[in-house]
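upload07.pdb (PDB, C-alpha atoms)
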ATOM      1  CA  MET A   1       0.000   0.000   0.000
ATOM      2  CA  ALA A   2       1.474   3.345  -1.019
ATOM      3  CA  THR A   3       1.700   6.188   1.457
ATOM      4  CA  LYS A   4       0.588   9.732   0.697
ATOM      5  CA  ASP A   5       4.208  10.652  -0.174
ATOM      6  CA  THR A   6       4.534   7.977  -2.843
ATOM      7  CA  CYS A   7       2.817   7.257  -6.104
ATOM      8  CA  CYS A   8       3.469   3.539  -5.916
ATOM      9  CA  GLU A   9       5.535   0.840  -4.360
ATOM     10  CA  PHE A  10       6.860  -2.492  -5.449
ATOM     11  CA  GLU A  11       7.958  -5.628  -3.705
ATOM     12  CA  TYR A  12      11.544  -6.803  -3.479
ATOM     13  CA  CYS A  13      12.627 -10.250  -2.292
ATOM     14  CA  ALA A  14      15.519  -9.863   0.155
ATOM     15  CA  GLN A  15      18.652 -11.746  -0.879
ATOM     16  CA  GLN A  16      21.464 -13.199   1.230
ATOM     17  CA  GLY A  17      23.591 -10.318   2.536
ATOM     18  CA  ASP A  18      20.936  -7.625   2.031
ATOM     19  CA  THR A  19      20.490  -5.006   4.729
ATOM     20  CA  TYR A  20      18.129  -2.045   4.801
ATOM     21  CA  ALA A  21      21.150   0.160   4.062
ATOM     22  CA  SER A  22      22.263  -1.855   0.996
ATOM     23  CA  VAL A  23      18.730  -2.138  -0.400
ATOM     24  CA  ALA A  24      18.134   1.576   0.235
ATOM     25  CA  ARG A  25      21.331   2.454  -1.685
ATOM     26  CA  ARG A  26      20.245   0.215  -4.574
ATOM     27  CA  PHE A  27      16.903   2.036  -4.899
ATOM     28  CA  ALA A  28      18.164   5.522  -3.936
ATOM     29  CA  ILE A  29      16.064   5.970  -0.800
ATOM     30  CA  GLY A  30      16.872   6.439   2.885
ATOM     31  CA  ALA A  31      17.561   3.310   4.958
ATOM     32  CA  ARG A  32      15.542   4.516   7.963
ATOM     33  CA  ALA A  33      12.605   5.488   5.759
ATOM     34  CA  LEU A  34      12.732   2.078   4.059
ATOM     35  CA  GLN A  35      12.742   0.234   7.382
ATOM     36  CA  ALA A  36       9.901   2.421   8.703
ATOM     37  CA  HIS A  37       7.920   1.774   5.491
ATOM     38  CA  ASN A  38       8.197  -1.928   6.331
ATOM     39  CA  GLY A  39       7.005  -1.553   9.915
ATOM     40  CA  GLY A  40      10.486  -1.580  11.421
ATOM     41  CA  ALA A  41      10.803  -5.351  10.982
ATOM     42  CA  GLN A  42      14.205  -7.005  10.629
ATOM     43  CA  MET A  43      15.156  -8.194   7.156
ATOM     44  CA  SER A  44      16.045 -11.820   6.378
ATOM     45  CA  PRO A  45      16.745 -13.560   3.050
ATOM     46  CA  GLY A  46      13.455 -14.421   1.353
ATOM     47  CA  ASP A  47      11.482 -11.664   3.092
ATOM     48  CA  THR A  48       9.306  -9.454   0.903
ATOM     49  CA  ILE A  49      10.328  -5.825   1.346
ATOM     50  CA  ARG A  50       8.052  -3.010   0.159
ATOM     51  CA  ILE A  51      10.025  -0.342  -1.704
ATOM     52  CA  PRO A  52       8.318   3.066  -1.868
ATOM     53  CA  CYS A  53       8.560   5.063  -5.061
ATOM     54  CA  ALA A  54       8.672   8.875  -4.898
ATOM     55  CA  HIS A  55       6.383  11.042  -7.035
ATOM     56  CA  GLY A  56       7.471  11.245 -10.649
ATOM     57  CA  CYS A  57       9.537   8.066 -10.800
ATOM     58  CA  CYS A  58       6.668   5.922 -12.057
ATOM     59  CA  THR A  59       5.878   7.998 -15.123
ATOM     60  CA  MET A  60       6.911   5.210 -17.526
ATOM     61  CA  GLY A  61       4.663   2.642 -15.865
ATOM     62  CA  ARG A  62       5.084   0.526 -12.779
ATOM     63  CA  PHE A  63       7.912  -1.501 -11.322
ATOM     64  CA  TYR A  64       8.037  -5.287 -11.277
ATOM     65  CA  VAL A  65      10.517  -7.513  -9.483
ATOM     66  CA  ILE A  66      11.399 -10.632 -11.457
ATOM     67  CA  LYS A  67      10.525 -13.792  -9.545
ATOM     68  CA  ARG A  68      12.010 -17.285  -9.800
ATOM     69  CA  GLY A  69      10.556 -19.040 -12.862
ATOM     70  CA  ASP A  70       9.627 -15.786 -14.637
ATOM     71  CA  THR A  71      10.512 -15.299 -18.282
ATOM     72  CA  LEU A  72      10.147 -12.015 -20.105
ATOM     73  CA  SER A  73       7.530 -13.518 -22.425
ATOM     74  CA  ARG A  74       5.498 -14.812 -19.453
ATOM     75  CA  ILE A  75       5.734 -11.447 -17.704
ATOM     76  CA  ALA A  76       4.617  -9.667 -20.891
ATOM     77  CA  ALA A  77       1.707 -12.071 -21.465
ATOM     78  CA  ARG A  78       0.575 -12.025 -17.819
ATOM     79  CA  THR A  79       0.636  -8.228 -17.607
ATOM     80  CA  GLY A  80      -0.736  -7.538 -21.086
ATOM     81  CA  VAL A  81       2.378  -5.657 -22.173
ATOM     82  CA  ASP A  82       3.834  -6.122 -25.648
ATOM     83  CA  MET A  83       7.359  -7.627 -25.624
ATOM     84  CA  VAL A  84       8.732  -4.797 -27.785
ATOM     85  CA  GLN A  85       7.389  -2.224 -25.325
ATOM     86  CA  LEU A  86       8.775  -4.209 -22.365
ATOM     87  CA  LEU A  87      12.255  -4.218 -23.891
ATOM     88  CA  ALA A  88      12.004  -0.553 -24.902
ATOM     89  CA  ALA A  89      11.082   0.426 -21.321
ATOM     90  CA  ASN A  90      14.126  -1.492 -20.031
ATOM     91  CA  PRO A  91      16.972  -0.552 -22.408
ATOM     92  CA  TYR A  92      19.682  -1.966 -20.135
ATOM     93  CA  LEU A  93      17.922  -5.310 -19.679
ATOM     94  CA  ASN A  94      19.686  -8.224 -21.340
ATOM     95  CA  PRO A  95      16.834 -10.439 -22.651
ATOM     96  CA  ALA A  96      19.118 -13.477 -22.444
ATOM     97  CA  TYR A  97      20.154 -12.899 -18.816
ATOM     98  CA  TYR A  98      18.018 -11.669 -15.953
ATOM     99  CA  ILE A  99      17.699 -12.920 -12.393
ATOM    100  CA  PRO A 100      15.106 -13.170  -9.636
ATOM    101  CA  GLY A 101      15.082  -9.962  -7.624
ATOM    102  CA  GLN A 102      15.937  -7.792 -10.627
ATOM    103  CA  VAL A 103      13.618  -4.784 -10.971
ATOM    104  CA  ILE A 104      12.173  -3.915 -14.374
ATOM    105  CA  VAL A 105       9.639  -1.358 -15.579
ATOM    106  CA  LEU A 106       6.272  -2.551 -16.869
ATOM    107  CA  PRO A 107       5.369   0.221 -19.310
ATOM    108  CA  LYS A 108       1.967   1.781 -19.595
ATOM    109  CA  LYS A 109      -0.022  -0.092 -22.214
ATOM    110  CA  ARG A 110       0.023   1.367 -25.703
ATOM    111  CA  THR A 111      -1.172  -0.125 -28.932
ATOM    112  CA  VAL A 112       1.401  -1.428 -31.364
ATOM    113  CA  GLN A 113       0.835  -1.385 -35.077
ATOM    114  CA  GLN A 114       0.950  -4.732 -36.776
ATOM    115  CA  LEU A 115       4.385  -6.220 -37.410
ATOM    116  CA  ARG A 116       5.657  -6.118 -40.946
ATOM    117  CA  ARG A 117       7.890  -8.548 -42.798
ATOM    118  CA  TYR A 118      10.892  -7.207 -44.631
ATOM    119  CA  THR A 119      13.077  -9.126 -47.055
ATOM    120  CA  LEU A 120      16.696  -8.041 -46.919
ATOM    121  CA  GLY A 121      17.988  -6.732 -50.237
ATOM    122  CA  PRO A 122      21.387  -7.448 -51.805
ATOM    123  CA  GLU A 123      23.135  -4.689 -49.835
ATOM    124  CA  ASP A 124      21.231  -5.245 -46.560
ATOM    125  CA  GLY A 125      22.653  -6.598 -43.351
ATOM    126  CA  LEU A 126      21.772  -6.257 -39.675
ATOM    127  CA  VAL A 127      23.050  -2.693 -39.335
ATOM    128  CA  SER A 128      21.197  -1.395 -42.396
ATOM    129  CA  VAL A 129      17.909  -2.988 -41.221
ATOM    130  CA  LEU A 130      18.338  -1.484 -37.743
ATOM    131  CA  LYS A 131      18.951   1.969 -39.231
ATOM    132  CA  LYS A 132      16.171   1.705 -41.814
ATOM    133  CA  PHE A 133      13.525   0.779 -39.224
ATOM    134  CA  HIS A 134      14.927   2.790 -36.281
ATOM    135  CA  MET A 135      15.389  -0.312 -34.106
ATOM    136  CA  ASP A 136      18.038  -1.460 -31.698
ATOM    137  CA  VAL A 137      19.359  -5.015 -31.700
ATOM    138  CA  THR A 138      17.312  -5.912 -28.586
ATOM    139  CA  THR A 139      14.075  -5.014 -30.370
ATOM    140  CA  PHE A 140      15.206  -6.898 -33.483
ATOM    141  CA  CYS A 141      15.863 -10.029 -31.374
ATOM    142  CA  ALA A 142      12.485  -9.729 -29.634
ATOM    143  CA  LEU A 143      10.713  -9.492 -32.992
ATOM    144  CA  ASN A 144      12.683 -12.402 -34.442
ATOM    145  CA  PRO A 145      13.022 -15.032 -31.703
ATOM    146  CA  GLY A 146      15.382 -17.854 -32.552
ATOM    147  CA  LEU A 147      17.217 -15.829 -35.197
ATOM    148  CA  CYS A 148      20.788 -14.861 -34.413
ATOM    149  CA  PRO A 149      20.985 -11.193 -35.476
ATOM    150  CA  MET A 150      24.415 -11.770 -37.009
ATOM    151  CA  ASP A 151      22.826 -14.318 -39.389
ATOM    152  CA  ALA A 152      20.672 -11.652 -41.089
ATOM    153  CA  ARG A 153      21.651 -11.726 -44.767
ATOM    154  CA  PRO A 154      20.269 -10.758 -48.190
ATOM    155  CA  GLY A 155      17.149 -12.679 -49.213
ATOM    156  CA  MET A 156      16.133 -13.405 -45.609
ATOM    157  CA  SER A 157      12.682 -12.262 -44.462
ATOM    158  CA  VAL A 158      12.556 -10.747 -40.968
ATOM    159  CA  ASN A 159       9.966  -9.094 -38.722
ATOM    160  CA  VAL A 160      10.243  -5.335 -38.328
ATOM    161  CA  SER A 161       8.186  -3.056 -36.124
ATOM    162  CA  GLY A 162       5.339  -1.056 -37.542
ATOM    163  CA  GLY A 163       5.869   1.483 -34.771
ATOM    164  CA  ILE A 164       4.081   2.437 -31.568
ATOM    165  CA  VAL A 165       1.067   4.738 -31.591
TER     166      VAL A 165
END
How does this structure look as C-alpha cells?
Amino acid sequence: MATKDTCCEFEYCAQQGDTYASVARRFAIGARALQAHNGGAQMSPGDTIRIPCAHGCCTMGRFYVIKRGDTLSRIAARTGVDMVQLLAANPYLNPAYYIPGQVIVLPKKRTVQQLRRYTLGPEDGLVSVLKKFHMDVTTFCALNPGLCPMDARPGMSVNVSGGIV
C-alpha cells in the first residue's frame, strides 16, 4: 500500500547479505525510511520488502521484481504488455540474462501497429535494417526469436516493427 508521499511501491525479495542500508542504496532511498515503510521489521533472506517510489519516478509505468521461474515472455503475457514495449522500457535489460530480484519497468499499455515482414535486399545486413527501421538489436531479437541477429543476410525475411502509436 502506497503512502501519501509515494505514487506507488513495489515488492523486493531480500537476498542473502541484504540489509536495509544496501537495499536503500540500490533504490536511492533512505535506509531509515525504508525500514519504517516496512514496519520496522528485521530483514532476512526471502522476506518481501516493500520499496516506496517517490512522485514522478513511475511515469513510464510501474515496477516489477522478477521472480524465480519468470521469463520475459510470461511477464509480458501475464501483464498484457507487448514484448517490444517491455524491452524498450528497459533498455539496459539483457533479454538473455536476468535474475530473480531484478527490478524492471512494466510500461503503460500502448497499442502497437501490426508487425511487418521485410526481405533483406542485396546490400542489406543487420546494421542497415536497424537503421532503416529505427530499431536497436534488442528489439530486433524480440521481434525475431530464434534468429541470431548476425545471421541476417540478403534474401532473408525478418519481422520489423510497424511502430508504436
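Relative to atom CA of A:Arg116, atom CA of A:Ala152 is found at 16.0 Å.
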### Message
Once the PyMOL selection byres ((chain A and resi 82-89) around 8) is applied to the coordinates I shared, what remains selected? I want it as a list in words.
### Response
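When the PyMOL selection byres ((chain A and resi 82-89) around 8) is applied, the selected residues are Met60, Leu72, Ser73, Ala76, Ala77, Gly80, Val81, Asn90, Pro91, Leu93, Pro95, Val105, Leu106, Pro107, Lys109, Val112, Thr138, Thr139, Ala142 and Leu143 of chain A.
Between atom CA of A:Ile99 and atom CA of A:Ala41 lies a distance of 25.5 Å.
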### Query
Any idea what's packed within 10 Å of A:Val129, counting all atoms listed in the file, ignoring anything in its chain fewer than 5 positions away? Could you give it as number ranges by chain?
A: 118-121, 124, 134-137, 140, 152, 158, 160
### Task
Enumerate, as number ranges by chain, the residues matched when the PyMOL selection byres ((chain A and resi 11) around 10) is run on the file above.
A: 9-10, 12-14, 47-52, 63-66, 101, 103
I need the chosen residues saved as a PDB file, keeping the file's coordinate frame, with C-alpha atoms.
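result_35.pdb written:
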ATOM      1  CA  GLU A   9       5.535   0.840  -4.360  1.00  0.00           C
ATOM      2  CA  PHE A  10       6.860  -2.492  -5.449  1.00  0.00           C
ATOM      3  CA  TYR A  12      11.544  -6.803  -3.479  1.00  0.00           C
ATOM      4  CA  CYS A  13      12.627 -10.250  -2.292  1.00  0.00           C
ATOM      5  CA  ALA A  14      15.519  -9.863   0.155  1.00  0.00           C
ATOM      6  CA  ASP A  47      11.482 -11.664   3.092  1.00  0.00           C
ATOM      7  CA  THR A  48       9.306  -9.454   0.903  1.00  0.00           C
ATOM      8  CA  ILE A  49      10.328  -5.825   1.346  1.00  0.00           C
ATOM      9  CA  ARG A  50       8.052  -3.010   0.159  1.00  0.00           C
ATOM     10  CA  ILE A  51      10.025  -0.342  -1.704  1.00  0.00           C
ATOM     11  CA  PRO A  52       8.318   3.066  -1.868  1.00  0.00           C
ATOM     12  CA  PHE A  63       7.912  -1.501 -11.322  1.00  0.00           C
ATOM     13  CA  TYR A  64       8.037  -5.287 -11.277  1.00  0.00           C
ATOM     14  CA  VAL A  65      10.517  -7.513  -9.483  1.00  0.00           C
ATOM     15  CA  ILE A  66      11.399 -10.632 -11.457  1.00  0.00           C
ATOM     16  CA  GLY A 101      15.082  -9.962  -7.624  1.00  0.00           C
ATOM     17  CA  VAL A 103      13.618  -4.784 -10.971  1.00  0.00           C
TER      18      VAL A 103
END
### Task
Evaluate the PyMOL selection byres ((chain A and resi 150) around 10) and record the selected residues as a PyMOL selection string, following the chain and residue labels used in the document.
chain A and resi 125-127+137+147-149+151-153
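Atom CA of A:Tyr98 sits 26.8 Å away from atom CA of A:Phe133.
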